[in-house]
Amino acid sequence: MKVRLTRFALLLALGACTEQATAPGVCPDFCPGGQIGVVDTIFTDMIERDTAFSGYVEAVGGEVMAVADVPGAVDSRAIFRMNAMPLVVVLHDTTTSPIIVDSARLRIEILHRDTNATSLWIKLYRLPLAIDSTTTFAQVITPFTDSIVDSVNVNALLSAPHIGDTATVRMWGDTIQTDSAGHVLLVGADSSLILYTDLDTAQARFVAADSGRVAYGVRVSADSANTIALGTADNGRGPRLTWFFNFLDSTSTAKDSSLSRGPIFDSFVFNPPTPPIDSNLAVGGVPAARSLLRVKIPALLRDSADVVRATLVMVPVGPVPGAPADSFTILARAVIADLGAKSPLSTNSQFFGTHLVHLNAADTLRMELTDLVRSWALDSTLTPALMLGQAPEAASYTQIRFYSTRAPAFRPTLHITFVRRYTFGAP
Amino acid sequence: MRRLFLLLLIAGLALAAPVLAQDSQFGIRGLGTPGRGESVRARTTGGAFAAFDPFSPLLDASVADVRRVTAGVTTGTSWRTVEFGSQTASLRASRFPAFVLAGPISSKFVVMGGFSTYLDKSFGIATRDTIDIRGTPQAVRDEVTSDGAVSDLRIGLAARLHPRFAIGVALHGLTGSTRVTAIRHFADSTTYRTSIARDEVAFHGLGGSASALLDLGADLRLAAWVRSDTHLRADIRGRTVSDDDLPFAFGGAVRWRPGTEAAVAAAVTWRSWSGGGLNAHDTFNWSLGTELGSPSSPVRFGVRGGQLAFGPGAKAPTEFGLSAGIGKQFSGGRGRLDFGIERLERKGPGLTERVWSFLLGLTVRP
């Protein structure tokens, strides 16, 4: 009996080697003397220096072509030039046959639009082949006035019945909506609109001397808000022009064929142009501007506090004019090394900060940068600086300006909430 | 089979060793929870036999009769219920509170060494609150934990100067550390990051003790002891953050053996903890216990009472406990296992604690 009792007690001792030591605290009588204190402070001088730089990305490198017509604010138009076409078809090694173009079909993707817009018209213009990245708004006013090629009411197309018969789906890959002029509209998986426009030889002039190159421009108009964004070759969703032609084969029989060309150049021009950099901080616009903010981390945050929330506060100089439906994102990225305009930027998205700016509003920017400021406070080897840029860059005519440190009353600040270091060791 | 028991026991002790736990919520706002300095044998007699037990690190003179190198180790697990008004919580902890090694260096003198828990400083508390940040109420949950203890490293000498009189002295080095953590969780974890502060607090102190045993007859033995500890200094990364007075303490005990298979003992102690800062109180404790049966397999009972050193208010919290246990010698008396169970109730303003403890002790004489 005693042996069994001994064994039982031994096993009980072994089985009890776990711990549950946390109990509800009834303070202050049965809690430690230290307290977890939260302090919320606006550090007005933590951002000690700042600089705006311009010229990062031109419109030709943008991910979209911004098209808008906001009277009194902005007029932005897409321009693009399509790649050259071969003039002949190679039948054998040395035998060729010239092509005879009979029509073309232009495909453009509308990535963003104002869904509240009514009677949204997209108008296609023929532009000179000389357009390039240096083309200004003023240089294309004339062709945008007298060279209209086609126009389509997008809202009318969207209200047209869906055609989903087998033959249609086989040809277009999905149900379509169409109008009496032969425009075809497909709705993409991401709610983008894919618009096809059939062009005859007068609308799509195939000039052999130009190797079949053509250039077009796009404007919009609507009853109210009218702004869209067209896809570009830079994001793989640029315009495409399919030429339909025939040629004589080796037996002198006419054969139909087609060839699709993408843009060799796509961009947008707008008026008024982005003003030059001044004493304020600029973000966005074309060419894209960025602002570098240099931060001085106070000793308090390094030694005796734990940052739990950090918010960048910046006061805009004024509202950004544009279509009410438009908005853009400001992205803050950590600077790896402060080399001024050419500072390499961190790609660690954990430390990114973002803020959505709505147009025509002068709201103060408040961007959460908690993880970034925490990293600066914890690691003194990091460069305490950040770069503000538009995301994506050069995809909009919009540029926002903020007061800099040179405007003491409105300078950028950091609103920081931190926990004071807990006082250990004292009862 | 006995070897298997020993292996299991050693494994159990090894597992128990790293976990040191707060015995009482009363000690959180004070320096900690004072250790008992009692072997399982002494503990199961309510502490009354601690003064006469060589393997209770209380009375240095008691090792004067150890004639061969002997080691004793104590471990225990407690299940504790705390009641703060309508709130209750159940806690569990394991401790490795005492180890004593002693052996003669001559016919008169015996040296001893070992360690015991001087102040247990392990605890964890969790609180919830709502605070106002940036004009918005935010729900927060705080956790403050401390894991560690201050150990009493003892080295001493005992001598039987006369067949009826023995004395002992010891130096005590108080050392230890606690790993401490304070965490604040915000309910809105998307906006606010969790704040975590960690540190390690090192403790240092010194003390000395002296004691004597006097046999008034074959059946009656008296014990008296006195101990003085200096200060307990707490350092964080080399910087002293607190320096608290430690108590002067003394006590006495009497044991009566009415027969070969029966012994009764009683003890009292007084400690001047009130210099240990806010919420500290001087304490008086008493105990009464008995050991019945043959020395190879005795049965023990005890009762104890008194005051706790730390607690809110002007009056010290009180403690009352009952205990019982058995012992079992093996290997021809070269080893002994002691088991015990103890029930404690502690009461103070705003808090009542009830504790069940299971105790296990091993004494080995190679």
# chains A, B, ... in the order shown; residues from 1 in each chain; ligands from 1

call {"tool": "residues_around", "arguments": {"residues": "region 335-350 of chain B", "least_positions_apart": "3", "cutoff": "8 Å", "atoms": "only C-alpha atoms", "output": "number ranges by chain"}}
result
A: 9; B: 40-41, 43-44, 84-85, 311-313, 316-332, 353-365

call {"tool": "interface_residues", "arguments": {"of": "chain B", "to": "chain A", "cutoff": "6 Å", "atoms": "only C-alpha atoms", "output": "number ranges by chain"}}
result
B: 12, 16, 28-31, 89, 91-94, 123-127, 192-193, 242, 312

call {"tool": "write_last_selection", "arguments": {"atoms": "C-alpha atoms", "output": "PDB file, in the first residue's frame"}}
result
ATOM      1  CA  GLY B  12      10.752  15.696 -11.923  1.00  0.00           C
ATOM      2  CA  ALA B  16      10.448  21.793 -11.686  1.00  0.00           C
ATOM      3  CA  ILE B  28       3.163  41.760  -5.945  1.00  0.00           C
ATOM      4  CA  ARG B  29       3.076  45.270  -4.505  1.00  0.00           C
ATOM      5  CA  GLY B  30       5.927  44.464  -2.138  1.00  0.00           C
ATOM      6  CA  LEU B  31       9.364  42.966  -2.450  1.00  0.00           C
ATOM      7  CA  ALA B  89      -8.795  33.220 -10.697  1.00  0.00           C
ATOM      8  CA  LEU B  91      -3.354  29.669 -10.626  1.00  0.00           C
ATOM      9  CA  ARG B  92      -0.870  26.859 -10.678  1.00  0.00           C
ATOM     10  CA  ALA B  93       2.840  26.960 -10.049  1.00  0.00           C
ATOM     11  CA  SER B  94       5.761  24.693  -9.294  1.00  0.00           C
ATOM     12  CA  PHE B 123       3.730  36.664 -10.993  1.00  0.00           C
ATOM     13  CA  GLY B 124       1.548  37.663 -13.875  1.00  0.00           C
ATOM     14  CA  ILE B 125      -1.329  40.054 -13.915  1.00  0.00           C
ATOM     15  CA  ALA B 126      -3.689  41.082 -16.679  1.00  0.00           C
ATOM     16  CA  THR B 127      -5.873  44.159 -16.605  1.00  0.00           C
ATOM     17  CA  TYR B 192      -2.094  50.896 -32.651  1.00  0.00           C
ATOM     18  CA  ARG B 193       0.835  48.542 -32.313  1.00  0.00           C
ATOM     19  CA  SER B 242      15.831  50.358  -5.852  1.00  0.00           C
ATOM     20  CA  PRO B 312      -2.352  46.840   1.320  1.00  0.00           C
TER      21      PRO B 312
END

call {"tool": "residues_around", "arguments": {"residues": "Leu161 (chain B)", "least_positions_apart": "5", "cutoff": "9 Å", "atoms": "only C-alpha atoms", "output": "list in words"}}
result
Lys108, Phe109, Ala166 and Ile167 of chain B

call {"tool": "select_by_dssp", "arguments": {"residues": "region 83-332 of chain A", "states": "alpha helix (DSSP H)", "output": "number ranges by chain"}}
result
A: 143-146, 154-159, 166-172, 299-303

call {"tool": "write_last_selection", "arguments": {"atoms": "N, CA and C atoms", "output": "mmCIF file, in the first residue's frame"}}
result
data_model
loop_
_atom_site.group_PDB
_atom_site.id
_atom_site.type_symbol
_atom_site.label_atom_id
_atom_site.label_comp_id
_atom_site.auth_asym_id
_atom_site.auth_seq_id
_atom_site.Cartn_x
_atom_site.Cartn_y
_atom_site.Cartn_z
ATOM 1 N N PRO A 143 -5.404 69.475 -84.444
ATOM 2 C CA PRO A 143 -5.966 68.168 -84.828
ATOM 3 C C PRO A 143 -7.072 67.691 -83.888
ATOM 4 N N PHE A 144 -7.006 68.093 -82.632
ATOM 5 C CA PHE A 144 -8.076 67.702 -81.713
ATOM 6 C C PHE A 144 -9.358 68.502 -81.994
ATOM 7 N N THR A 145 -9.235 69.469 -82.910
ATOM 8 C CA THR A 145 -10.412 70.266 -83.242
ATOM 9 C C THR A 145 -11.032 69.826 -84.568
ATOM 10 N N ASP A 146 -10.178 69.536 -85.523
ATOM 11 C CA ASP A 146 -10.724 69.309 -86.865
ATOM 12 C C ASP A 146 -10.538 67.894 -87.386
ATOM 13 N N VAL A 154 -20.546 55.917 -74.387
ATOM 14 C CA VAL A 154 -20.289 54.738 -73.557
ATOM 15 C C VAL A 154 -21.519 54.375 -72.725
ATOM 16 N N ASN A 155 -22.216 55.359 -72.230
ATOM 17 C CA ASN A 155 -23.406 55.072 -71.422
ATOM 18 C C ASN A 155 -24.487 54.384 -72.255
ATOM 19 N N ALA A 156 -24.588 54.808 -73.527
ATOM 20 C CA ALA A 156 -25.560 54.147 -74.395
ATOM 21 C C ALA A 156 -25.175 52.693 -74.621
ATOM 22 N N LEU A 157 -23.871 52.482 -74.802
ATOM 23 C CA LEU A 157 -23.420 51.100 -74.996
ATOM 24 C C LEU A 157 -23.688 50.260 -73.746
ATOM 25 N N LEU A 158 -23.430 50.864 -72.612
ATOM 26 C CA LEU A 158 -23.629 50.115 -71.359
ATOM 27 C C LEU A 158 -25.092 49.777 -71.122
ATOM 28 N N SER A 159 -25.983 50.580 -71.679
ATOM 29 C CA SER A 159 -27.407 50.296 -71.488
ATOM 30 C C SER A 159 -27.960 49.386 -72.569
ATOM 31 N N THR A 166 -23.948 31.868 -78.953
ATOM 32 C CA THR A 166 -22.739 31.044 -79.049
ATOM 33 C C THR A 166 -21.720 31.640 -80.006
ATOM 34 N N ALA A 167 -22.205 32.103 -81.150
ATOM 35 C CA ALA A 167 -21.270 32.639 -82.151
ATOM 36 C C ALA A 167 -20.576 33.895 -81.618
ATOM 37 N N THR A 168 -21.339 34.731 -80.933
ATOM 38 C CA THR A 168 -20.747 35.966 -80.393
ATOM 39 C C THR A 168 -19.702 35.663 -79.337
ATOM 40 N N VAL A 169 -20.056 34.780 -78.427
ATOM 41 C CA VAL A 169 -19.117 34.451 -77.353
ATOM 42 C C VAL A 169 -17.867 33.793 -77.923
ATOM 43 N N ARG A 170 -18.059 32.960 -78.973
ATOM 44 C CA ARG A 170 -16.889 32.310 -79.567
ATOM 45 C C ARG A 170 -15.957 33.367 -80.177
ATOM 46 N N MET A 171 -16.538 34.394 -80.776
ATOM 47 C CA MET A 171 -15.718 35.414 -81.450
ATOM 48 C C MET A 171 -15.083 36.394 -80.452
ATOM 49 N N TRP A 172 -15.861 36.835 -79.466
ATOM 50 C CA TRP A 172 -15.377 37.893 -78.566
ATOM 51 C C TRP A 172 -14.893 37.374 -77.213
ATOM 52 N N ALA A 299 15.644 61.865 -28.662
ATOM 53 C CA ALA A 299 16.212 60.861 -27.744
ATOM 54 C C ALA A 299 15.135 60.184 -26.914
ATOM 55 N N LEU A 300 14.097 60.927 -26.621
ATOM 56 C CA LEU A 300 12.992 60.370 -25.830
ATOM 57 C C LEU A 300 12.428 59.110 -26.487
ATOM 58 N N LEU A 301 12.257 59.151 -27.803
ATOM 59 C CA LEU A 301 11.656 58.004 -28.486
ATOM 60 C C LEU A 301 12.640 56.848 -28.627
ATOM 61 N N ARG A 302 13.918 57.171 -28.651
ATOM 62 C CA ARG A 302 14.902 56.091 -28.776
ATOM 63 C C ARG A 302 15.123 55.369 -27.452
ATOM 64 N N ASP A 303 15.122 56.138 -26.358
ATOM 65 C CA ASP A 303 15.585 55.581 -25.090
ATOM 66 C C ASP A 303 14.469 55.126 -24.166
#

call {"tool": "residues_around", "arguments": {"residues": "Asp129 (chain B)", "least_positions_apart": "2", "cutoff": "9 Å", "atoms": "only C-alpha atoms", "output": "PDB file with C-alpha atoms, in the first residue's frame"}}
result
ATOM      1  CA  THR B 127      -5.873  44.159 -16.605  1.00  0.00           C
ATOM      2  CA  ILE B 131      -8.263  55.051 -22.283  1.00  0.00           C
ATOM      3  CA  GLN B 138      -9.542  52.845 -26.945  1.00  0.00           C
ATOM      4  CA  ALA B 139      -9.885  49.514 -25.170  1.00  0.00           C
ATOM      5  CA  VAL B 140      -6.549  48.214 -23.911  1.00  0.00           C
ATOM      6  CA  ARG B 141      -5.353  45.054 -22.218  1.00  0.00           C
ATOM      7  CA  ASP B 142      -2.182  45.105 -20.147  1.00  0.00           C
TER       8      ASP B 142
END

call {"tool": "select_by_dssp", "arguments": {"residues": "region 172-403 of chain A", "states": "strand (DSSP E)", "output": "VMD selection string"}}
result
chain A and resid 177 to 178 184 to 187 193 to 199 215 to 221 227 to 231 240 to 248 254 to 261 263 to 271 281 to 284 289 to 295 305 to 314 327 to 334 353 to 358 365 to 368 385 to 391 399 to 402

call {"tool": "write_last_selection", "arguments": {"atoms": "C-alpha atoms", "output": "CSV table (one decimal), in the first residue's frame"}}
result
chain,number,residue,atom,x,y,z
A,177,GLN,CA,-22.9,45.2,-75.9
A,178,THR,CA,-23.1,47.0,-79.2
A,184,VAL,CA,-18.5,46.8,-79.3
A,185,LEU,CA,-18.1,46.9,-75.5
A,186,LEU,CA,-16.9,44.2,-73.2
A,187,VAL,CA,-16.8,44.4,-69.4
A,193,LEU,CA,-14.4,48.5,-70.2
A,194,ILE,CA,-12.9,47.2,-73.4
A,195,LEU,CA,-14.1,49.2,-76.3
A,196,TYR,CA,-13.8,48.2,-80.0
A,197,THR,CA,-14.2,50.7,-82.8
A,198,ASP,CA,-14.4,49.7,-86.4
A,199,LEU,CA,-12.6,52.1,-88.6
A,215,ALA,CA,-1.6,58.3,-84.5
A,216,TYR,CA,-4.8,59.0,-82.6
A,217,GLY,CA,-5.9,61.1,-79.7
A,218,VAL,CA,-8.8,60.6,-77.3
A,219,ARG,CA,-11.0,63.2,-75.6
A,220,VAL,CA,-14.0,62.8,-73.4
A,221,SER,CA,-17.1,64.8,-72.8
A,227,THR,CA,-12.9,61.6,-66.6
A,228,ILE,CA,-11.5,58.3,-67.6
A,229,ALA,CA,-8.1,56.5,-67.6
A,230,LEU,CA,-7.0,54.5,-70.6
A,231,GLY,CA,-4.6,51.6,-70.4
A,240,ARG,CA,-4.3,47.9,-80.2
A,241,LEU,CA,-5.1,48.4,-83.8
A,242,THR,CA,-6.0,45.5,-85.9
A,243,TRP,CA,-5.6,46.0,-89.6
A,244,PHE,CA,-7.7,43.8,-91.9
A,245,PHE,CA,-6.3,43.4,-95.4
A,246,ASN,CA,-6.1,41.0,-98.3
A,247,PHE,CA,-3.3,39.9,-100.6
A,248,LEU,CA,-2.8,37.6,-103.5
A,254,ALA,CA,-7.2,36.8,-102.9
A,255,LYS,CA,-6.8,35.9,-99.3
A,256,ASP,CA,-8.0,37.8,-96.2
A,257,SER,CA,-5.8,38.3,-93.2
A,258,SER,CA,-5.3,40.7,-90.3
A,259,LEU,CA,-2.4,41.9,-88.2
A,260,SER,CA,-2.6,43.7,-84.8
A,261,ARG,CA,-0.2,46.5,-83.8
A,263,PRO,CA,1.5,51.5,-79.6
A,264,ILE,CA,5.1,52.6,-80.0
A,265,PHE,CA,4.3,55.6,-78.0
A,266,ASP,CA,1.4,56.5,-75.7
A,267,SER,CA,1.0,59.5,-73.4
A,268,PHE,CA,-1.3,62.3,-72.5
A,269,VAL,CA,-1.2,66.0,-72.6
A,270,PHE,CA,-3.1,68.4,-70.4
A,271,ASN,CA,-3.7,72.0,-69.8
A,281,LEU,CA,6.5,70.4,-51.2
A,282,ALA,CA,5.1,68.8,-54.4
A,283,VAL,CA,3.9,65.3,-55.0
A,284,GLY,CA,2.6,63.9,-58.3
A,289,ALA,CA,7.4,65.2,-58.4
A,290,ARG,CA,8.5,63.7,-55.1
A,291,SER,CA,9.2,65.3,-51.7
A,292,LEU,CA,11.9,64.1,-49.4
A,293,LEU,CA,11.3,64.6,-45.6
A,294,ARG,CA,14.2,64.2,-43.3
A,295,VAL,CA,13.3,63.2,-39.7
A,305,ALA,CA,9.4,55.1,-25.2
A,306,ASP,CA,7.7,52.6,-27.5
A,307,VAL,CA,5.9,54.2,-30.4
A,308,VAL,CA,2.5,52.6,-30.9
A,309,ARG,CA,1.1,55.0,-33.5
A,310,ALA,CA,2.7,57.6,-35.7
A,311,THR,CA,0.9,59.8,-38.1
A,312,LEU,CA,2.4,62.2,-40.6
A,313,VAL,CA,0.4,65.4,-40.7
A,314,MET,CA,0.8,67.8,-43.7
A,327,SER,CA,-8.5,60.8,-56.7
A,328,PHE,CA,-4.9,59.6,-56.3
A,329,THR,CA,-2.7,57.9,-53.8
A,330,ILE,CA,0.3,59.3,-52.1
A,331,LEU,CA,2.8,56.7,-51.2
A,332,ALA,CA,5.5,57.2,-48.5
A,333,ARG,CA,8.5,55.0,-48.7
A,334,ALA,CA,11.5,54.8,-46.5
A,353,GLY,CA,2.4,54.7,-45.8
A,354,THR,CA,-0.5,55.5,-48.1
A,355,HIS,CA,-3.1,58.3,-48.3
A,356,LEU,CA,-5.9,58.8,-50.8
A,357,VAL,CA,-6.3,62.4,-51.9
A,358,HIS,CA,-9.7,63.5,-53.2
A,365,LEU,CA,-3.1,64.8,-45.0
A,366,ARG,CA,-2.9,62.3,-42.2
A,367,MET,CA,-0.8,59.3,-43.1
A,368,GLU,CA,-0.1,56.4,-40.7
A,385,ALA,CA,13.9,60.0,-44.0
A,386,LEU,CA,11.0,59.2,-46.3
A,387,MET,CA,10.0,60.1,-49.8
A,388,LEU,CA,6.5,61.0,-50.8
A,389,GLY,CA,5.4,60.2,-54.3
A,390,GLN,CA,2.2,59.6,-56.2
A,391,ALA,CA,1.2,56.0,-56.9
A,399,GLN,CA,-0.2,67.3,-58.3
A,400,ILE,CA,-0.6,68.3,-54.7
A,401,ARG,CA,1.5,70.8,-52.8
A,402,PHE,CA,2.0,70.9,-49.1

call {"tool": "residues_around", "arguments": {"residues": "Val111 (chain B)", "least_positions_apart": "4", "cutoff": "7 Å", "atoms": "only C-alpha atoms", "output": "PyMOL selection string"}}
result
chain B and resi 102-105+156-158

call {"tool": "closest_residue", "arguments": {"among": "A:Val315, A:Ala222, A:Ile297, A:Ala59", "to": "Asp45 (chain A)", "atoms": "only C-alpha atoms"}}
result
A:Ile297

call {"tool": "atom_distance", "arguments": {"atom1": "CA of Ile163 (chain A)", "atom2": "CA of Tyr125 (chain A)"}}
result
28.6 Å

call {"tool": "residues_around", "arguments": {"residues": "Val254 (chain B)", "least_positions_apart": "2", "cutoff": "6 Å", "atoms": "only C-alpha atoms", "output": "list in words"}}
result
Arg221, Leu222, Ala265 and Ala266 of chain B

call {"tool": "residues_around", "arguments": {"residues": "Asp243 (chain B)", "least_positions_apart": "4", "cutoff": "8 Å", "atoms": "only C-alpha atoms", "output": "number ranges by chain"}}
result
B: 231-234

call {"tool": "write_last_selection", "arguments": {"atoms": "N, CA and C atoms", "output": "compact mmCIF listing (two decimals), in the first residue's frame"}}
result
# COMPACT_ATOMS: atom_id res chain seq x y z
N HIS B 231 20.49 44.96 2.81
CA HIS B 231 19.62 45.63 1.84
C HIS B 231 19.47 44.73 0.62
N LEU B 232 18.38 44.92 -0.06
CA LEU B 232 18.20 44.24 -1.34
C LEU B 232 18.28 45.31 -2.43
N ARG B 233 19.34 45.20 -3.22
CA ARG B 233 19.56 46.18 -4.28
C ARG B 233 19.09 45.59 -5.60
N ALA B 234 18.30 46.35 -6.33
CA ALA B 234 17.81 45.91 -7.64
C ALA B 234 18.50 46.73 -8.71

call {"tool": "atom_distance", "arguments": {"atom1": "CA of Glu38 (chain B)", "atom2": "CA of Leu214 (chain B)"}}
result
20.4 Å

call {"tool": "atom_distance", "arguments": {"atom1": "CA of Ala68 (chain A)", "atom2": "CA of Arg237 (chain A)"}}
result
19.0 Å

call {"tool": "closest_residue", "arguments": {"among": "B:Asp215, B:Asp147, B:Asp23, B:Asp188", "to": "Glu200 (chain B)", "atoms": "only C-alpha atoms"}}
result
B:Asp147

call {"tool": "closest_residue", "arguments": {"among": "A:Pro161, A:Pro98, A:Gly72, A:Pro408", "to": "Ser252 (chain A)", "atoms": "only C-alpha atoms"}}
result
A:Pro98

call {"tool": "decode", "arguments": {"residues": "region 326-339 of chain B", "atoms": "N, CA and C atoms", "output": "mmCIF file, in the first residue's frame"}}
result
data_model
loop_
_atom_site.group_PDB
_atom_site.id
_atom_site.type_symbol
_atom_site.label_atom_id
_atom_site.label_comp_id
_atom_site.auth_asym_id
_atom_site.auth_seq_id
_atom_site.Cartn_x
_atom_site.Cartn_y
_atom_site.Cartn_z
ATOM 1 N N ILE B 326 3.758 12.230 4.863
ATOM 2 C CA ILE B 326 4.373 10.965 5.242
ATOM 3 C C ILE B 326 5.825 10.974 4.781
ATOM 4 N N GLY B 327 6.595 10.084 5.357
ATOM 5 C CA GLY B 327 7.972 9.907 4.937
ATOM 6 C C GLY B 327 8.236 8.443 4.702
ATOM 7 N N LYS B 328 9.226 8.151 3.905
ATOM 8 C CA LYS B 328 9.541 6.747 3.619
ATOM 9 C C LYS B 328 11.041 6.630 3.384
ATOM 10 N N GLN B 329 11.671 5.860 4.242
ATOM 11 C CA GLN B 329 13.099 5.627 4.059
ATOM 12 C C GLN B 329 13.303 4.485 3.074
ATOM 13 N N PHE B 330 14.403 4.518 2.380
ATOM 14 C CA PHE B 330 14.735 3.425 1.468
ATOM 15 C C PHE B 330 16.242 3.240 1.464
ATOM 16 N N SER B 331 16.671 2.183 0.845
ATOM 17 C CA SER B 331 18.101 1.844 0.752
ATOM 18 C C SER B 331 18.763 1.810 2.118
ATOM 19 N N GLY B 332 18.082 1.161 3.025
ATOM 20 C CA GLY B 332 18.653 1.000 4.346
ATOM 21 C C GLY B 332 18.864 2.297 5.081
ATOM 22 N N GLY B 333 18.033 3.250 4.845
ATOM 23 C CA GLY B 333 18.128 4.531 5.532
ATOM 24 C C GLY B 333 19.020 5.527 4.852
ATOM 25 N N ARG B 334 19.601 5.178 3.699
ATOM 26 C CA ARG B 334 20.478 6.127 2.994
ATOM 27 C C ARG B 334 19.664 7.177 2.234
ATOM 28 N N GLY B 335 18.434 6.897 2.025
ATOM 29 C CA GLY B 335 17.600 7.869 1.333
ATOM 30 C C GLY B 335 16.230 7.955 1.970
ATOM 31 N N ARG B 336 15.594 9.080 1.725
ATOM 32 C CA ARG B 336 14.253 9.225 2.268
ATOM 33 C C ARG B 336 13.421 10.111 1.349
ATOM 34 N N LEU B 337 12.219 9.635 1.100
ATOM 35 C CA LEU B 337 11.262 10.443 0.340
ATOM 36 C C LEU B 337 10.217 10.962 1.297
ATOM 37 N N ASP B 338 9.891 12.240 1.152
ATOM 38 C CA ASP B 338 8.843 12.840 1.982
ATOM 39 C C ASP B 338 7.774 13.437 1.069
ATOM 40 N N PHE B 339 6.558 13.133 1.420
ATOM 41 C CA PHE B 339 5.431 13.697 0.675
ATOM 42 C C PHE B 339 4.570 14.476 1.642
#
